[in-house]
Amino acid sequence: MPESTLIPMFPLAILPLPGELIPLHIFEPCYRQLIQEAEQADIGFGIFCTHQANAGKLGSWMKLESIVKRYPGGEMDIVVKCSDIFTLQSLYRNYKNRSYPGGMVLFWNTQTDELPGAKLGELFYEYLNRRNITRHQAFFGVYGIARLLNLDVAERHRFLLLNRDERARFLIRHLRYQLSLLEAELNSKDVYQWN
């Protein structure tokens, strides 16, 4: 049985997916302390999703990628990257003796390089072509496809709770819907006359 782990926590109403880069503006003193410690000791932290759609108590394990800008008052713009998903068991006001929160979590040990099946892969490349996206990486895993579809928090939550086959079907449905919108947009260009 997996063991619970106590981690630093940053509650936010977002649910980053594995591999996703997230820009953040850090201004509260307690989270400035967290980011300073993440920079100095190369530690990660959790973003627990506070959105009402998060019935599964999911969160994202983040690592600091870079500090983009430091402001005179101590604020900073940073970029963090999600490397795993966790389930929150308990949220605490303070992490150890720090001013920022902490939480007991179970890590999922997510396979971030999960390959899409042939059907999902073909449909995704059709979607990229229809959107005229020609400059992209050569390989897209399942989580990469999900990230590029701009799923909202509720959809991300649903996606993460599915098994491997269900995740592929979920993404295929989303791609088909997006393709139908692109087709409708293309057809509407023939209907309207500009004056």
# chains A, B, ... in the order shown; residues from 1 in each chain; ligands from 1

call {"tool": "select_by_dssp", "arguments": {"residues": "region 64-95 of chain A", "states": "strand (DSSP E or B)", "output": "PyMOL selection string"}}
result
chain A and resi 64-70+76-92

call {"tool": "residues_around", "arguments": {"residues": "Arg158 (chain A)", "least_positions_apart": "3", "cutoff": "10 Å", "atoms": "only C-alpha atoms", "output": "short mmCIF file (atom, residue, chain, number, x, y, z; two decimals) with C-alpha atoms, in the first residue's frame"}}
result
data_model
loop_
_atom_site.label_atom_id
_atom_site.label_comp_id
_atom_site.auth_asym_id
_atom_site.auth_seq_id
_atom_site.Cartn_x
_atom_site.Cartn_y
_atom_site.Cartn_z
CA ALA A 53 -15.30 20.52 -9.29
CA ASN A 54 -12.46 18.78 -7.44
CA ALA A 55 -14.52 16.13 -5.66
CA GLY A 56 -11.61 13.68 -5.94
CA VAL A 153 -10.86 22.32 -14.41
CA ALA A 154 -13.92 20.04 -14.34
CA GLU A 155 -12.83 18.32 -17.58
CA LEU A 161 -9.93 9.94 -12.83
CA LEU A 162 -10.40 7.78 -15.95
CA ARG A 167 -8.85 8.66 -21.19
CA PHE A 170 -12.50 11.09 -23.61
#

call {"tool": "atom_distance", "arguments": {"atom1": "CA of Phe124 (chain A)", "atom2": "CA of Ile47 (chain A)"}}
result
28.5 Å

call {"tool": "atom_distance", "arguments": {"atom1": "CA of Glu28 (chain A)", "atom2": "CA of Ile43 (chain A)"}}
result
19.0 Å

call {"tool": "atom_distance", "arguments": {"atom1": "CA of Ser99 (chain A)", "atom2": "CA of Leu34 (chain A)"}}
result
8.6 Å
